[in-house]
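Student: Below is the file data_34.txt, which contains compact mmCIF, C-alpha atoms.
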# COMPACT_ATOMS: atom_id res chain seq x y z
CA MET A 1 62.93 115.51 90.21
CA GLN A 2 59.33 116.60 89.53
CA SER A 3 58.30 115.05 92.87
CA LEU A 4 61.00 117.03 94.65
CA LEU A 5 59.86 120.29 93.04
CA ARG A 6 56.23 119.57 93.92
CA TRP A 7 57.18 118.88 97.55
CA SER A 8 59.23 122.10 97.68
CA VAL A 9 56.33 124.20 96.38
CA GLU A 10 53.80 122.58 98.69
CA ASN A 11 55.94 123.10 101.77
CA SER A 12 57.45 126.49 101.04
CA THR A 13 56.55 129.43 103.29
CA PRO A 14 54.50 132.05 101.39
CA SER A 15 55.72 135.66 101.47
CA THR A 16 52.38 136.82 102.91
CA GLY A 17 49.53 135.21 104.76
CA SER A 18 49.44 132.66 107.53
CA GLN A 19 52.00 129.89 108.01
CA PRO A 20 51.00 126.45 106.66
CA THR A 21 49.48 124.33 109.36
CA THR A 22 50.61 121.00 107.89
CA THR A 23 53.77 119.74 106.22
CA ASN A 24 53.81 116.86 103.79
CA LYS A 25 56.53 114.32 104.54
CA LEU A 26 59.08 113.83 101.79
CA ASP A 27 58.99 110.40 100.20
CA PRO A 28 61.96 108.34 101.52
CA GLY A 29 62.56 107.22 97.95
CA ILE A 30 63.19 110.83 96.96
CA ILE A 31 65.64 111.24 99.85
CA ASP A 32 67.49 108.14 98.69
CA HIS A 33 67.54 109.54 95.17
CA ILE A 34 69.04 112.81 96.38
CA LEU A 35 71.46 111.62 99.06
CA GLY A 36 71.97 108.02 98.03
CA LYS A 37 71.29 104.97 100.17
CA PRO A 38 73.58 104.29 103.14
CA ASP A 39 76.39 101.86 102.35
CA ALA A 40 75.07 99.42 104.96
CA GLN A 41 71.75 99.20 103.11
CA LEU A 42 73.49 98.84 99.75
CA MET A 43 75.62 96.02 101.15
CA LYS A 44 72.62 94.13 102.47
CA GLU A 45 70.73 94.58 99.21
CA ALA A 46 73.72 93.39 97.17
CA LEU A 47 74.12 90.32 99.38
CA THR A 48 70.43 89.49 99.19
CA LYS A 49 70.51 89.60 95.41
CA GLY A 50 73.80 87.70 95.25
CA LEU A 51 72.35 84.88 97.34
CA ASP A 52 69.01 84.70 95.49
CA GLU A 53 69.06 81.54 93.38
CA THR A 54 65.97 82.70 91.45
CA GLN A 55 68.00 85.54 89.94
CA ALA A 56 69.95 85.18 86.71
CA GLU A 57 73.58 84.33 87.40
CA ASP A 58 74.83 87.46 85.65
CA ASP A 59 72.66 89.59 87.94
CA ARG A 60 73.94 87.74 90.99
CA LEU A 61 77.53 88.24 89.86
CA GLN A 62 76.91 91.95 89.35
CA ALA A 63 75.44 92.24 92.84
CA LEU A 64 78.47 90.50 94.34
CA ASP A 65 80.76 92.74 92.32
CA ASP A 66 78.94 95.76 93.80
CA LEU A 67 79.47 94.31 97.28
CA GLU A 68 83.19 93.84 96.61
CA MET A 69 83.49 97.50 95.63
CA LEU A 70 81.74 98.55 98.84
CA VAL A 71 84.03 96.52 101.12
CA GLN A 72 87.08 98.21 99.65
CA ASN A 73 86.24 100.82 102.28
CA ILE A 74 87.68 99.52 105.57
CA ASP A 75 84.71 100.81 107.57
CA ASN A 76 82.33 98.87 105.36
CA ALA A 77 84.54 95.80 105.66
CA ASN A 78 84.32 96.08 109.45
CA ASP A 79 80.53 96.34 109.19
CA LEU A 80 80.30 92.88 107.63
CA LYS A 81 80.24 91.35 111.10
CA LYS A 82 77.73 93.82 112.51
CA LEU A 83 75.43 93.35 109.51
CA GLY A 84 75.65 89.55 109.74
CA ILE A 85 77.16 89.22 106.26
CA TRP A 86 80.21 87.05 106.96
CA GLN A 87 78.26 83.84 107.59
CA PRO A 88 76.06 84.03 104.45
CA LEU A 89 79.14 84.81 102.36
CA HIS A 90 80.99 81.82 103.78
CA ASN A 91 77.93 79.62 103.25
CA LEU A 92 77.83 80.70 99.61
CA LEU A 93 81.48 79.75 99.22
CA GLN A 94 80.89 76.29 100.68
CA SER A 95 77.57 75.48 98.99
CA SER A 96 77.58 72.70 96.39
CA ASN A 97 75.03 74.77 94.43
CA THR A 98 77.48 77.65 93.99
CA SER A 99 78.86 77.83 90.45
CA ASP A 100 82.52 78.44 89.81
CA PRO A 101 81.99 82.09 88.73
CA LEU A 102 79.96 82.80 91.87
CA LYS A 103 82.59 81.13 94.03
CA MET A 104 85.27 83.21 92.35
CA GLN A 105 83.40 86.45 93.03
CA THR A 106 82.72 85.43 96.64
CA LEU A 107 86.43 84.83 97.19
CA TRP A 108 87.14 88.25 95.73
CA ILE A 109 84.83 89.89 98.28
CA ILE A 110 86.37 87.94 101.15
CA GLY A 111 89.92 88.75 100.10
CA THR A 112 89.21 92.45 99.69
CA ALA A 113 87.51 92.71 103.07
CA LEU A 114 90.43 90.99 104.80
CA GLN A 115 93.25 93.09 103.33
CA ASN A 116 95.24 94.85 106.08
CA ASN A 117 92.28 94.52 108.43
CA PRO A 118 92.92 92.54 111.65
CA ALA A 119 89.35 93.07 112.87
CA ALA A 120 87.95 91.49 109.72
CA GLN A 121 90.53 88.69 109.91
CA LEU A 122 89.40 87.76 113.42
CA ALA A 123 85.73 87.99 112.51
CA TYR A 124 86.16 85.64 109.55
CA LEU A 125 88.53 83.30 111.38
CA ASP A 126 85.73 82.62 113.87
CA LEU A 127 83.93 80.75 111.07
CA ASP A 128 86.79 78.25 110.63
CA PRO A 129 87.25 79.27 106.98
CA LEU A 130 90.56 77.59 106.13
CA PRO A 131 89.13 74.24 104.93
CA ALA A 132 86.84 76.00 102.43
CA LEU A 133 89.60 78.33 101.22
CA LEU A 134 92.06 75.46 100.79
CA LYS A 135 89.48 73.35 98.96
CA SER A 136 89.09 76.22 96.49
CA LEU A 137 92.78 75.76 95.58
CA SER A 138 92.13 72.32 94.10
CA PRO A 139 92.29 72.11 90.29
CA THR A 140 89.68 69.35 90.38
CA SER A 141 86.99 71.63 91.80
CA SER A 142 88.01 75.17 90.82
CA SER A 143 89.00 76.98 87.65
CA ALA A 144 92.38 78.67 87.32
CA GLU A 145 90.82 82.09 87.98
CA THR A 146 89.04 80.82 91.08
CA ARG A 147 92.24 79.23 92.41
CA SER A 148 93.98 82.56 91.94
CA ARG A 149 91.21 84.35 93.82
CA ALA A 150 91.36 81.72 96.57
CA LEU A 151 95.02 82.58 97.14
CA TYR A 152 94.05 86.25 97.29
CA ALA A 153 91.56 85.48 100.05
CA LEU A 154 93.96 83.11 101.83
CA SER A 155 96.67 85.75 101.74
CA GLY A 156 94.31 88.31 103.24
CA LEU A 157 93.51 85.95 106.10
CA LEU A 158 97.08 84.83 106.87
CA LYS A 159 99.15 88.01 106.58
CA LEU A 160 100.15 89.33 110.02
CA ASN A 161 97.76 86.82 111.57
CA ALA A 162 99.60 84.28 113.72
CA ALA A 163 96.37 82.64 114.88
CA ALA A 164 95.39 81.76 111.32
CA VAL A 165 98.91 80.63 110.37
CA GLN A 166 98.96 78.36 113.42
CA GLN A 167 95.86 76.59 112.09
CA MET A 168 97.47 75.88 108.71
CA GLY A 169 99.26 72.77 109.96
CA VAL A 170 96.08 71.36 111.49
CA VAL A 171 94.03 71.57 108.28
CA GLY A 172 96.73 70.60 105.75
CA GLY A 173 97.34 74.15 104.62
CA TRP A 174 101.07 73.79 104.00
CA SER A 175 100.49 70.72 101.86
CA ALA A 176 97.95 72.69 99.83
CA LEU A 177 100.50 75.45 99.24
CA ARG A 178 103.03 72.82 98.23
CA MET A 179 100.63 71.59 95.55
CA CYS A 180 100.30 75.17 94.30
CA LEU A 181 104.01 75.10 93.36
CA GLU A 182 103.11 72.70 90.55
CA ASP A 183 99.80 74.27 89.50
CA SER A 184 99.27 74.52 85.74
CA GLU A 185 98.27 78.18 86.20
CA ILE A 186 101.42 80.25 86.68
CA ARG A 187 99.55 82.96 88.60
CA VAL A 188 98.80 80.42 91.30
CA ARG A 189 102.49 79.52 91.57
CA ARG A 190 103.48 83.18 91.73
CA LYS A 191 100.91 84.09 94.38
CA SER A 192 101.66 81.08 96.56
CA THR A 193 105.39 81.86 96.66
CA PHE A 194 104.79 85.55 97.21
CA LEU A 195 102.55 84.64 100.15
CA LEU A 196 105.16 82.28 101.63
CA ASN A 197 107.82 84.98 101.55
CA THR A 198 105.43 87.45 103.18
CA LEU A 199 104.74 84.99 105.99
CA LEU A 200 108.47 84.33 106.46
CA LEU A 201 109.45 87.98 106.86
CA PRO A 202 109.94 88.92 110.53
CA SER A 203 107.47 91.58 111.64
CA SER A 204 108.46 94.89 113.17
CA PRO A 205 106.41 97.99 114.03
CA SER A 206 107.89 99.87 111.06
CA GLN A 207 106.68 97.18 108.65
CA LEU A 208 103.08 97.17 109.81
CA ASN A 209 100.42 99.05 107.91
CA LEU A 210 98.96 100.92 110.87
CA GLN A 211 96.82 104.01 110.78
CA PRO A 212 98.88 107.24 111.11
CA ASP A 213 98.17 107.81 114.80
CA MET A 214 98.86 104.23 115.87
CA THR A 215 102.11 102.81 117.26
CA LEU A 216 102.90 99.41 118.68
CA PRO A 217 104.22 99.27 122.23
CA THR A 218 107.94 98.52 122.68
CA SER A 219 110.06 97.66 125.69
CA GLU A 220 110.82 101.35 126.06
CA THR A 221 107.27 102.65 125.87
CA ALA A 222 104.21 102.01 127.95
CA PRO A 223 101.37 100.17 126.20
CA PRO A 224 99.10 102.73 124.52
CA THR A 225 95.41 103.03 125.18
CA VAL A 226 93.72 100.61 122.79
CA HIS A 227 90.54 101.91 121.21
CA ALA A 228 87.99 99.83 119.36
CA ASN A 229 89.12 99.95 115.73
CA SER A 230 90.41 97.75 112.92
CA HIS A 231 93.87 97.32 114.46
CA ALA A 232 92.92 96.98 118.13
CA SER A 233 94.03 93.34 118.35
CA MET A 234 97.36 94.18 116.75
CA LEU A 235 97.98 96.96 119.25
CA SER A 236 96.92 95.04 122.34
CA ASP A 237 98.98 91.96 121.40
CA PRO A 238 101.88 92.69 119.02
CA SER A 239 102.87 89.00 118.99
CA SER A 240 99.59 88.25 117.20
CA VAL A 241 101.13 89.56 113.95
CA SER A 242 104.30 87.44 114.08
CA THR A 243 104.13 84.66 111.48
CA SER A 244 107.83 84.18 110.75
CA ALA A 245 108.77 81.50 113.30
CA LEU A 246 105.64 79.49 112.54
CA THR A 247 106.37 79.57 108.82
CA VAL A 248 110.06 78.66 109.27
CA ALA A 249 109.04 75.58 111.25
CA ALA A 250 106.38 74.68 108.70
CA ILE A 251 108.59 74.82 105.61
CA GLN A 252 111.29 72.71 107.29
CA TYR A 253 108.90 70.04 108.56
CA ARG A 254 109.17 66.77 106.67
CA THR A 255 105.81 65.19 106.00
CA GLU A 256 105.60 61.46 105.45
CA GLY A 257 104.45 60.58 101.97
CA GLU A 258 105.35 63.95 100.43
CA GLY A 259 108.99 63.20 99.73
CA GLY A 260 110.58 65.91 101.83
CA SER A 261 109.81 69.28 103.30
CA LEU A 262 108.14 72.32 101.75
CA LEU A 263 111.61 73.87 101.58
CA ASP A 264 112.74 70.88 99.50
CA ALA A 265 109.77 71.42 97.20
CA LEU A 266 110.62 75.11 96.78
CA ILE A 267 114.20 74.30 95.82
CA SER A 268 113.00 71.64 93.39
CA ALA A 269 110.52 74.12 91.87
CA LEU A 270 113.43 76.50 91.26
CA VAL A 271 115.96 73.99 89.99
CA GLU A 272 113.65 71.64 88.07
CA PRO A 273 110.32 73.46 87.57
CA VAL A 274 107.31 71.45 86.44
CA PRO A 275 106.12 72.74 83.03
CA PHE A 276 103.00 74.92 83.18
CA GLY A 277 100.32 76.17 80.81
CA VAL A 278 97.24 74.48 79.41
CA ASP A 279 99.34 71.89 77.61
CA GLY A 280 102.46 72.17 79.76
CA GLU A 281 104.18 74.11 77.01
CA MET A 282 105.99 76.58 79.29
CA GLU A 283 109.03 75.64 81.38
CA LYS A 284 110.29 78.71 83.26
CA ASP A 285 108.79 81.92 84.60
CA ALA A 286 111.04 84.77 85.73
CA GLU A 287 108.63 86.14 88.36
CA PHE A 288 108.08 82.74 89.93
CA GLN A 289 111.83 82.12 90.07
CA GLU A 290 112.39 85.51 91.69
CA ASN A 291 109.76 84.74 94.32
CA VAL A 292 111.40 81.42 95.20
CA VAL A 293 114.87 82.97 95.40
CA LYS A 294 113.49 85.68 97.71
CA ILE A 295 112.04 82.97 99.96
CA LEU A 296 115.42 81.25 100.13
CA TYR A 297 117.14 84.56 100.85
CA THR A 298 114.64 85.48 103.59
CA PHE A 299 114.96 82.00 105.12
CA ALA A 300 118.77 82.09 105.17
CA THR A 301 119.31 85.70 106.27
CA SER A 302 116.31 87.22 108.05
CA CYS A 303 115.28 83.92 109.66
CA ASN A 304 118.79 82.48 110.21
CA GLY A 305 117.70 79.24 108.55
CA ALA A 306 120.18 76.57 107.53
CA PHE A 307 120.06 74.48 104.37
CA SER A 308 120.78 70.77 104.49
CA ALA A 309 123.76 69.31 102.67
CA VAL A 310 121.51 68.00 99.89
CA GLN A 311 119.76 71.35 99.55
CA LYS A 312 123.08 73.19 99.39
CA ARG A 313 124.36 70.90 96.67
CA SER A 314 121.28 71.50 94.50
CA LEU A 315 121.44 75.24 95.04
CA ARG A 316 125.20 75.45 94.43
CA GLU A 317 124.80 73.76 91.06
CA PHE A 318 121.89 75.99 90.10
CA LEU A 319 123.25 79.32 91.33
CA GLY A 320 126.74 78.54 90.06
CA GLY A 321 125.38 77.72 86.63
CA ILE A 322 123.47 80.98 86.48
CA THR A 323 126.54 83.02 87.43
CA THR A 324 128.77 81.21 84.93
CA VAL A 325 126.36 81.73 82.04
CA GLN A 326 125.33 85.30 82.70
CA GLY A 327 128.33 86.75 84.52
CA GLU A 328 128.13 90.41 85.49
CA GLU A 329 124.88 90.90 83.57
CA ASN A 330 123.03 88.49 85.83
CA LEU A 331 119.97 90.14 87.40
CA ASN A 332 120.31 87.90 90.46
CA PHE A 333 116.58 87.12 90.48
CA GLY A 334 115.64 90.48 91.93
CA LEU A 335 118.30 90.49 94.64
CA THR A 336 120.92 93.20 94.96
CA SER A 337 124.54 92.15 94.46
CA GLY A 338 125.02 92.23 98.23
CA GLU A 339 121.97 90.07 98.86
CA TRP A 340 123.10 87.66 96.15
CA GLU A 341 126.44 87.28 97.88
CA GLU A 342 124.69 86.64 101.21
CA LEU A 343 122.56 83.89 99.70
CA SER A 344 125.52 82.39 97.86
CA GLY A 345 127.49 82.42 101.10
CA ALA A 346 124.72 80.58 102.94
CA VAL A 347 124.75 77.94 100.21
CA ARG A 348 128.55 77.56 100.20
CA SER A 349 128.98 77.40 103.99
Let's see the structure in the file written out as C-alpha cells.
Tutor:
Amino acid sequence: MQSLLRWSVENSTPSTGSQPTTTNKLDPGIIDHILGKPDAQLMKEALTKGLDETQAEDDRLQALDDLEMLVQNIDNANDLKKLGIWQPLHNLLQSSNTSDPLKMQTLWIIGTALQNNPAAQLAYLDLDPLPALLKSLSPTSSSAETRSRALYALSGLLKLNAAAVQQMGVVGGWSALRMCLEDSEIRVRRKSTFLLNTLLLPSSPSQLNLQPDMTLPTSETAPPTVHANSHASMLSDPSSVSTSALTVAAIQYRTEGEGGSLLDALISALVEPVPFGVDGEMEKDAEFQENVVKILYTFATSCNGAFSAVQKRSLREFLGGITTVQGEENLNFGLTSGEWEELSGAVRS
C-alpha cells in the first residue's frame, strides 16, 4: 500500500507549474495486488506447484485444491485445453510416483472441469482417459475416497457423451462398474448405480442443461447457428448426447466368465447384496437399493427393456416380499405408487 501511495504522489499532476515530463511505471506486482492475478495465471501457477515433486505434499495438495476451485468456473474449465493443462493433469493421474491423496485431488479437478461441459469432455477424451479412470476404481490400488472421486470424474466424462460411452465396452468399463456393485465402500456402490441410471435415461432437449439462449434443433425447426462455446458439439450433433441405447445394450450383454449380464448383477445386488463396510458388518443400504430399483424401472419403462424369466422370478419374490411385509406404508424405493405398479407389471408380465 505504501508503494501505491508513493507512486500516486510521484505521478500526480501538481496544481501549478509545468506538467511532469516523465512518468514512473507502476510495479506489476502492485497491479496484481490491487486487481488480482488473472485466473489463467493462477491456474498455471497452481498446476506448476501441484506437479513439483520438490514441494511438500501438503503444499501440492493445496495448490491442486486451488486449481479445482478455479475450474468450477466453466470458462476456466474450457481454458484447460488452451493453457495446455489437460495433459499434465492426466500424466499426474497416471504416474506411479503420484500418491493416493494427490491422485484423489487430481480426479476431483478432472471431475469438476467435466461437469455439464461437452467442450471439456471432448478435450479430455482426446487423451484416451478411460483406462486411467477405470484403474482408479480398483480397491487394490486406490483408497475408498479415491475410488469415490474416480466415479465422480468418470460420471463427468460419460454423462451426455455417447462417444465416451461407446468406448466403455472396448476398455472393460462395464465390467469395472459391475465390480463397483460389490465395493466395500457404500459410496462407490451408490455412485456407480446413480451413474448407470443417468446413462440409461433417454435424452431430450428439455432434459439437457443448456445455456438459456440455446436450443437443440428438432424436426420442426431449422438447425441453429452454432457458435464456438461449451455446448457447440451438443448443438451441432444432438445424437452425440444419447447414451441410452448404448447403455441398454451394455447391461444386457452377457460376458463370458462373469456369470451373467450387468443387469443380472444389478438384480443380485438388490436381492442378495454383498455386505459392505470395513469388516463387512453392514448388509443393506436404502439409497443403494433405491438407485438399483430406479435403474430397473428406467430399463423396463423408459427403455422398453424386457426381463428374462429368471430375472422376473427373482424380482417377483423380492418385490412381493417387500409389499407383503410393509403393505401400504411401503416407500416403494423412491418410486411413486404409479411407477411401482409399472415396474411390478413389467415383472409379472
Student: Any idea what the distance is between atom CA of Lys81 of chain A and atom CA of Ala113 of chain A?
Tutor: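 We find that atom CA of Lys81 of chain A and atom CA of Ala113 of chain A lie 10.9 Å from each other.
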Student: What lies within 10 Å of Thr146 of chain A using all atoms listed in the file, ignoring chain neighbours under 5 positions off, as a PyMOL selection string?
Tutor: chain A and resi 100-108+136-139+141+151-152+188
Student: List the spatial neighbours of Asp126 of chain A as a list in words - criterion: any atom at most 12 Å away, all atoms listed in the file, same-chain residues fewer than 2 positions off excluded.
Tutor: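 My list of contacting residues is Lys81, Trp86, Gln87, His90, Ala119, Ala120, Gln121, Leu122, Ala123, Tyr124, Asp128, Pro129, Leu130, Leu157, Ala163, Ala164 and Gln167 of chain A.
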Student: Would you kindly identify which residues have an atom no farther than 10 Å from (98.5, 89.2, 109.4), using all atoms listed in the file and the file's own coordinates, and write them out as a PDB file with C-alpha atoms, in the coordinates of the input?
Tutor:
ATOM      1  CA  LEU A 114      90.430  90.990 104.800  1.00  0.00           C
ATOM      2  CA  GLN A 115      93.250  93.090 103.330  1.00  0.00           C
ATOM      3  CA  ASN A 116      95.240  94.850 106.080  1.00  0.00           C
ATOM      4  CA  ASN A 117      92.280  94.520 108.430  1.00  0.00           C
ATOM      5  CA  PRO A 118      92.920  92.540 111.650  1.00  0.00           C
ATOM      6  CA  GLN A 121      90.530  88.690 109.910  1.00  0.00           C
ATOM      7  CA  SER A 155      96.670  85.750 101.740  1.00  0.00           C
ATOM      8  CA  GLY A 156      94.310  88.310 103.240  1.00  0.00           C
ATOM      9  CA  LEU A 157      93.510  85.950 106.100  1.00  0.00           C
ATOM     10  CA  LEU A 158      97.080  84.830 106.870  1.00  0.00           C
ATOM     11  CA  LYS A 159      99.150  88.010 106.580  1.00  0.00           C
ATOM     12  CA  LEU A 160     100.150  89.330 110.020  1.00  0.00           C
ATOM     13  CA  ASN A 161      97.760  86.820 111.570  1.00  0.00           C
ATOM     14  CA  ALA A 162      99.600  84.280 113.720  1.00  0.00           C
ATOM     15  CA  ALA A 163      96.370  82.640 114.880  1.00  0.00           C
ATOM     16  CA  ALA A 164      95.390  81.760 111.320  1.00  0.00           C
ATOM     17  CA  VAL A 165      98.910  80.630 110.370  1.00  0.00           C
ATOM     18  CA  THR A 198     105.430  87.450 103.180  1.00  0.00           C
ATOM     19  CA  LEU A 199     104.740  84.990 105.990  1.00  0.00           C
ATOM     20  CA  SER A 203     107.470  91.580 111.640  1.00  0.00           C
ATOM     21  CA  LEU A 208     103.080  97.170 109.810  1.00  0.00           C
ATOM     22  CA  MET A 234      97.360  94.180 116.750  1.00  0.00           C
ATOM     23  CA  SER A 240      99.590  88.250 117.200  1.00  0.00           C
ATOM     24  CA  VAL A 241     101.130  89.560 113.950  1.00  0.00           C
ATOM     25  CA  SER A 242     104.300  87.440 114.080  1.00  0.00           C
ATOM     26  CA  THR A 243     104.130  84.660 111.480  1.00  0.00           C
TER      27      THR A 243
END
Student: For Glu145 of chain A, which residue out of A:Ile186, A:Leu200, A:Ala245, A:Ala46 is the nearest one, using only C-alpha atoms?
Tutor: A:Ile186
Student: With a distance cut-off of 12 Å and only C-alpha atoms, select the neighbouring residues of Lys191 of chain A, excluding the residue or stretch itself and same-chain residues fewer than 5 positions from it, and output the selection as a list in words.
Tutor: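 After dropping sequence-adjacent residues, the list is Leu137, Arg147, Ser148, Arg149, Ala150, Leu151, Tyr152, Ala153, Leu154, Ser155, Gly156, Leu177, Cys180, Leu181, Asp183, Glu185, Ile186, Leu196, Asn197, Thr198, Glu287, Phe288, Gln289, Glu290, Asn291 and Val292 of chain A.
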Student: Measure the distance from atom CA of Leu201 of chain A to atom CA of Phe299 of chain A in Å and round it to one decimal.
Tutor: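 Answer for the atom CA of Leu201 of chain A to atom CA of Phe299 of chain A separation: 8.3 Å.
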Student: To one decimal place in Å, what is the distance between atom CA of Leu93 of chain A and atom CA of Ala132 of chain A?
Tutor: 7.3 Å
Student: Quick one: residues within 12 Å of Lys312 of chain A, only C-alpha atoms, excluding same-chain residues fewer than 5 positions away - as a PyMOL selection string?
Tutor: chain A and resi 263-264+267-268+271+296+300+306-307+317-320+343-349
Student: Counting only C-alpha atoms, which of A:Leu133, A:Leu70, A:Thr301, A:Asn78 gets nearest to Gln94 of chain A?
Tutor: A:Leu133
Student: A:Gln166, A:Thr98, A:Gln72, A:Thr247: which is nearest Arg60 of chain A, counting only C-alpha atoms?
Tutor: A:Thr98
Student: Can you tell me which residues surround Ser184 of chain A at a distance of at most 9 Å, considering all atoms listed in the file, apart from same-chain residues fewer than 4 positions away, and format the answer as a ChimeraX atom specification?
Tutor: /A:139,144,180,188-189,274-280
